[in-house]
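final16.txt follows (compact mmCIF, C-alpha atoms):
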```txt
# COMPACT_ATOMS: atom_id res chain seq x y z
CA MET B 1 23.74 77.85 -6.10
CA ALA B 2 22.92 74.86 -8.25
CA THR B 3 24.14 71.42 -7.29
CA MET B 4 27.89 71.23 -7.74
CA ALA B 5 28.93 68.95 -10.58
CA THR B 6 31.37 66.22 -9.73
CA VAL B 7 34.12 65.99 -12.32
CA PRO B 8 36.62 63.23 -11.59
CA SER B 9 40.35 63.82 -11.61
CA LYS B 10 42.42 61.71 -13.96
CA THR B 11 45.29 61.06 -11.52
CA ARG B 12 44.55 62.25 -7.98
CA THR B 13 42.80 60.30 -5.25
CA LYS B 14 41.76 63.53 -3.50
CA PRO B 15 40.30 66.64 -5.16
CA ASN B 16 41.78 70.11 -5.32
CA ILE B 17 39.54 73.12 -4.73
CA LEU B 18 40.20 76.73 -5.69
CA VAL B 19 38.52 79.42 -3.57
CA THR B 20 38.79 82.77 -5.31
CA GLY B 21 37.22 86.21 -5.35
CA THR B 22 38.03 89.87 -5.06
CA PRO B 23 40.11 90.73 -1.98
CA GLY B 24 37.78 91.00 1.02
CA THR B 25 35.19 88.43 -0.13
CA GLY B 26 36.18 85.88 2.52
CA LYS B 27 38.48 83.51 0.62
CA THR B 28 40.85 82.75 3.46
CA SER B 29 38.10 82.39 6.08
CA THR B 30 36.11 80.08 3.80
CA ALA B 31 39.12 77.99 2.75
CA SER B 32 40.30 77.72 6.38
CA LEU B 33 36.90 76.49 7.54
CA ILE B 34 36.69 73.94 4.71
CA ALA B 35 40.18 72.68 5.61
CA GLU B 36 39.32 72.49 9.31
CA LEU B 37 36.14 70.50 8.69
CA THR B 38 37.47 68.19 5.97
CA GLY B 39 41.15 67.66 6.72
CA LEU B 40 42.17 69.02 3.32
CA ASN B 41 45.38 71.05 3.11
CA HIS B 42 44.83 74.84 2.96
CA ILE B 43 47.25 76.72 0.71
CA ASN B 44 46.96 80.45 1.39
CA CYS B 45 48.79 81.81 -1.64
CA SER B 46 49.07 85.37 -0.30
CA ALA B 47 50.82 84.13 2.86
CA LEU B 48 52.98 81.76 0.81
CA VAL B 49 54.09 84.56 -1.53
CA LYS B 50 55.20 86.60 1.51
CA SER B 51 56.85 83.79 3.47
CA LYS B 52 58.71 82.29 0.49
CA GLN B 53 59.40 85.65 -1.19
CA LEU B 54 57.65 84.62 -4.41
CA SER B 55 57.38 88.18 -5.66
CA THR B 56 59.38 90.19 -8.13
CA GLU B 57 59.02 93.62 -6.49
CA LYS B 58 56.73 95.81 -4.40
CA ASN B 59 54.11 98.02 -6.03
CA ASP B 60 54.06 101.14 -3.84
CA GLU B 61 51.02 102.62 -5.60
CA TYR B 62 48.83 99.68 -4.55
CA ASP B 63 50.89 98.72 -1.48
CA CYS B 64 51.27 95.11 -2.59
CA LEU B 65 53.85 92.61 -3.78
CA MET B 66 54.09 91.82 -7.51
CA LEU B 67 53.60 88.08 -7.80
CA ASP B 68 56.09 85.83 -9.55
CA GLU B 69 53.46 83.46 -11.03
CA ASP B 70 55.98 80.86 -12.18
CA ALA B 71 57.65 80.74 -8.76
CA LEU B 72 54.28 80.25 -7.01
CA CYS B 73 53.28 77.45 -9.40
CA ASP B 74 56.66 75.78 -8.97
CA GLU B 75 56.32 76.03 -5.18
CA ILE B 76 52.97 74.22 -5.02
CA GLU B 77 53.09 71.94 -8.08
CA ASP B 78 54.06 68.70 -6.32
CA THR B 79 51.45 69.27 -3.62
CA MET B 80 48.78 69.98 -6.23
CA ASP B 81 49.64 66.85 -8.20
CA VAL B 82 49.03 64.74 -5.06
CA GLY B 83 45.63 66.39 -4.41
CA GLY B 84 43.65 67.14 -1.29
CA ASN B 85 44.24 70.90 -1.36
CA ILE B 86 42.20 74.04 -0.97
CA VAL B 87 43.95 76.94 -2.67
CA ASP B 88 42.87 80.49 -1.92
CA PHE B 89 43.96 83.40 -4.07
CA HIS B 90 42.42 86.33 -5.95
CA SER B 91 44.40 85.98 -9.18
CA ILE B 92 43.91 82.61 -10.87
CA ASP B 93 44.40 82.63 -14.64
CA PHE B 94 48.00 81.39 -14.40
CA PHE B 95 47.20 78.20 -12.46
CA PRO B 96 47.06 75.08 -14.68
CA GLU B 97 43.46 74.08 -15.40
CA ARG B 98 44.27 70.43 -14.60
CA TRP B 99 44.92 71.30 -10.95
CA PHE B 100 41.32 71.98 -9.93
CA ASP B 101 38.18 69.90 -9.60
CA LEU B 102 36.06 72.72 -8.13
CA VAL B 103 36.39 76.50 -8.44
CA LEU B 104 34.41 78.47 -5.88
CA VAL B 105 34.09 82.17 -6.78
CA LEU B 106 33.04 84.26 -3.78
CA ARG B 107 30.98 87.40 -4.43
CA THR B 108 30.22 90.15 -1.92
CA ASP B 109 27.84 93.11 -1.94
CA ASN B 110 29.83 96.26 -2.81
CA THR B 111 28.88 98.16 0.35
CA ILE B 112 29.98 95.27 2.54
CA LEU B 113 33.16 94.82 0.50
CA TYR B 114 33.99 98.52 0.77
CA ASP B 115 33.66 98.40 4.56
CA ARG B 116 35.81 95.25 4.80
CA LEU B 117 38.59 96.76 2.69
CA GLN B 118 38.43 100.02 4.59
CA LYS B 119 38.93 98.08 7.86
CA ARG B 120 42.04 96.54 6.29
CA ALA B 121 43.35 100.10 5.78
CA TYR B 122 43.56 99.77 1.98
CA ASN B 123 44.59 103.05 0.39
CA GLN B 124 41.80 104.77 -1.53
CA LYS B 125 43.08 103.80 -4.98
CA LYS B 126 43.44 100.11 -4.05
CA LEU B 127 40.06 100.08 -2.29
CA GLN B 128 38.25 101.70 -5.21
CA GLU B 129 39.87 99.42 -7.80
CA ASN B 130 38.92 96.28 -5.84
CA VAL B 131 35.31 97.41 -5.46
CA GLU B 132 35.20 98.17 -9.18
CA CYS B 133 36.61 94.70 -9.91
CA GLU B 134 33.78 93.18 -7.88
CA ILE B 135 31.17 95.30 -9.70
CA MET B 136 32.61 94.27 -13.08
CA GLN B 137 32.85 90.58 -12.03
CA VAL B 138 36.53 90.50 -12.99
CA VAL B 139 37.43 87.40 -10.95
CA LEU B 140 34.31 85.53 -12.08
CA GLU B 141 35.14 86.27 -15.73
CA GLU B 142 38.75 85.22 -15.15
CA ALA B 143 37.48 81.90 -13.76
CA ARG B 144 35.15 81.43 -16.73
CA ASN B 145 38.01 82.10 -19.13
CA SER B 146 40.41 79.76 -17.32
CA TYR B 147 38.38 76.72 -16.21
CA LYS B 148 35.57 74.50 -17.45
CA GLU B 149 32.17 76.03 -16.76
CA ASP B 150 30.86 72.92 -14.98
CA ILE B 151 33.42 73.19 -12.15
CA ILE B 152 32.87 76.92 -11.49
CA HIS B 153 30.39 77.90 -8.80
CA GLU B 154 29.59 81.51 -7.98
CA VAL B 155 28.40 81.98 -4.39
CA GLN B 156 27.44 84.94 -2.24
CA SER B 157 29.72 85.70 0.73
CA ASP B 158 28.26 88.67 2.59
CA ASN B 159 28.07 87.18 6.09
CA ILE B 160 28.93 84.24 8.33
CA ASP B 161 25.67 82.40 7.56
CA GLN B 162 26.40 82.47 3.84
CA MET B 163 29.99 81.36 4.43
CA GLU B 164 28.81 78.42 6.53
CA SER B 165 26.24 77.49 3.88
CA ASN B 166 28.95 77.62 1.18
CA VAL B 167 31.20 75.40 3.29
CA GLU B 168 28.35 72.90 3.79
CA ARG B 169 27.82 72.78 0.02
CA VAL B 170 31.50 72.07 -0.53
CA GLN B 171 31.37 69.30 2.09
CA GLU B 172 28.46 67.72 0.20
CA TRP B 173 30.37 68.04 -3.06
CA LEU B 174 33.40 66.34 -1.45
CA LYS B 175 31.25 63.38 -0.39
CA ALA B 176 30.16 62.91 -4.01
CA TRP B 177 33.61 63.41 -5.60
CA VAL B 178 35.03 60.26 -7.16
CA PRO B 179 38.49 60.01 -8.72
CA ALA B 180 38.56 58.94 -12.36
CA SER B 181 40.52 55.82 -11.46
CA SER B 182 37.46 54.59 -9.50
CA ASN B 183 35.15 54.73 -12.52
```
If you convert what's in this file into structure tokens, what do you get?
Amino acid sequence: MATMATVPSKTRTKPNILVTGTPGTGKTSTASLIAELTGLNHINCSALVKSKQLSTEKNDEYDCLMLDEDALCDEIEDTMDVGGNIVDFHSIDFFPERWFDLVLVLRTDNTILYDRLQKRAYNQKKLQENVECEIMQVVLEEARNSYKEDIIHEVQSDNIDQMESNVERVQEWLKAWVPASSN
């Protein structure tokens, strides 16, 4: 991974980071570790959708909740405007671009991803579609279409060593981040 660019926020005194990737790439583990080591607030969108019932219905075919994007954005908007958050979620194109200073896209080898999703007891259709999404770089392309290229960083997330290295890189990026008001 190249050195992470530092793009200052126009209003926040602390940055917001988006950790995204196909389900099973390690978003929640990575975001949790970053939060633990930095004191930033971890927003696990999947857990929030369940706990606050921010879904419109259940999709039985994929055994998942259908997200109410507006409700999720409304739920976290004030927190995001303050800054100092690490958001983890697999779907990202509906989040306002202004919210994020760094977008970390986790990628995982397909064989490893398949095994992880199988351990989660994903049904075959859901498992296959998620592996295909990883092969086709769906989340990476969604990030590229939704955010400025200089804040997007694609990183490998096959094992604990890679996760720890990714977290260290984010910690270094945080040390260099300067709010726009400081310029």
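A straight line drawn from atom CA of Asn145 of chain B to atom CA of Tyr122 of chain B is 28.1 Å long.
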- Task: Mind listing whatever residues come within 12 Å of the point (38.8, 78.2, -20.5)? Use only C-alpha atoms, file coordinates, and give them as a ChimeraX atom specification.
- Result: /B:92-98,141-152
Return as JSON the box centre and box size in Å, one decimal, for an axis-aligned box around all listed atoms of segment 152-167 of chain B padded by 3 Å per side.
```
{"center_x": 29.3, "center_y": 82.0, "center_z": -1.6, "size_x": 13.2, "size_y": 19.3, "size_z": 25.8}
```
- Task: Rank nothing, just name the residue among B:Thr13, B:Asn44, B:Thr22, B:Gln162 nearest to Leu113 of chain B, using only C-alpha atoms.
- Result: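 Once distances to Leu113 of chain B are computed over only C-alpha atoms, the minimum belongs to B:Thr22.
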For segment 15-59 of chain B versus segment 66-90 of chain B, which residues have an atom no more than 6 Å away, and what is each residue's nearest atom pair and distance in Å rounded to one decimal, using only C-alpha atoms, chain-then-number order, as CSV?
```
residue,atom,partner,partner_atom,distance
B:Pro15,CA,B:Gly84,CA,5.1
B:Asn16,CA,B:Asn85,CA,4.7
B:Ile17,CA,B:Ile86,CA,4.7
B:Leu18,CA,B:Val87,CA,4.8
B:Val19,CA,B:Asp88,CA,4.8
B:Thr20,CA,B:His90,CA,5.1
B:Gly21,CA,B:His90,CA,5.2
B:Thr22,CA,B:His90,CA,5.7
B:Lys27,CA,B:Asp88,CA,5.9
B:Leu40,CA,B:Gly84,CA,5.2
B:Asn41,CA,B:Asn85,CA,4.6
B:His42,CA,B:Ile86,CA,4.8
B:Ile43,CA,B:Val87,CA,4.7
B:Asn44,CA,B:Asp88,CA,5.3
B:Cys45,CA,B:Phe89,CA,5.6
B:Leu54,CA,B:Asp68,CA,5.5
B:Ser55,CA,B:Leu67,CA,4.3
B:Thr56,CA,B:Met66,CA,5.6
B:Glu57,CA,B:Met66,CA,5.3
B:Lys58,CA,B:Met66,CA,5.7
```
- Of the candidates B:Gly39, B:Leu102, B:Asp60, B:Lys14, which one gets nearest to Asn123 of chain B if we count all atoms listed in the file? B:Asp60
- Can you work out the spacing between atom CA of Asp161 of chain B and atom CA of Leu117 of chain B in Å, to one decimal?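 For atom CA of Asp161 of chain B relative to atom CA of Leu117 of chain B, the distance reads 19.9 Å.
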- Query: Nearest to Glu168 of chain B: which of B:Ser46, B:Ser32, B:Leu37, B:Gly26 is it, counting all atoms listed in the file?
  - Reply: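 Using all atoms listed in the file, Glu168 of chain B sits closest to B:Leu37.
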- Task: Measuring atom to atom with all atoms listed in the file, identify which of B:Lys52, B:Met163, B:Glu129, B:Gln156 is nearest to Thr28 of chain B.
- Result: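 Among the listed residues, B:Met163 lies closest to Thr28 of chain B.
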- Message: Please compute the atom CA of Arg120 of chain B-atom CA of Val167 of chain B distance, one decimal, in Å.
- Response: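 Taking atom CA of Arg120 of chain B and atom CA of Val167 of chain B, their separation equals 23.9 Å.
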- When distances are computed from only C-alpha atoms, which of B:Val170, B:Cys133, B:Lys125, B:Ser51 shows the smallest separation from Val103 of chain B?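 For Val103 of chain B, the nearest of the candidates is B:Val170.
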- Item | Contact residues around Asn166 of chain B with all atoms listed in the file at 12 Å, ignoring same-chain residues under 2 positions, as a PyMOL selection string | chain B and resi 1-4+19+26-27+29-31+33-34+104-107+153-164+168-173
- Message: Which residue is closest to Thr108 of chain B? Choose from B:Ser165, B:Pro23, B:Ser91, B:Arg12 and count all atoms listed in the file.
- Response: B:Pro23
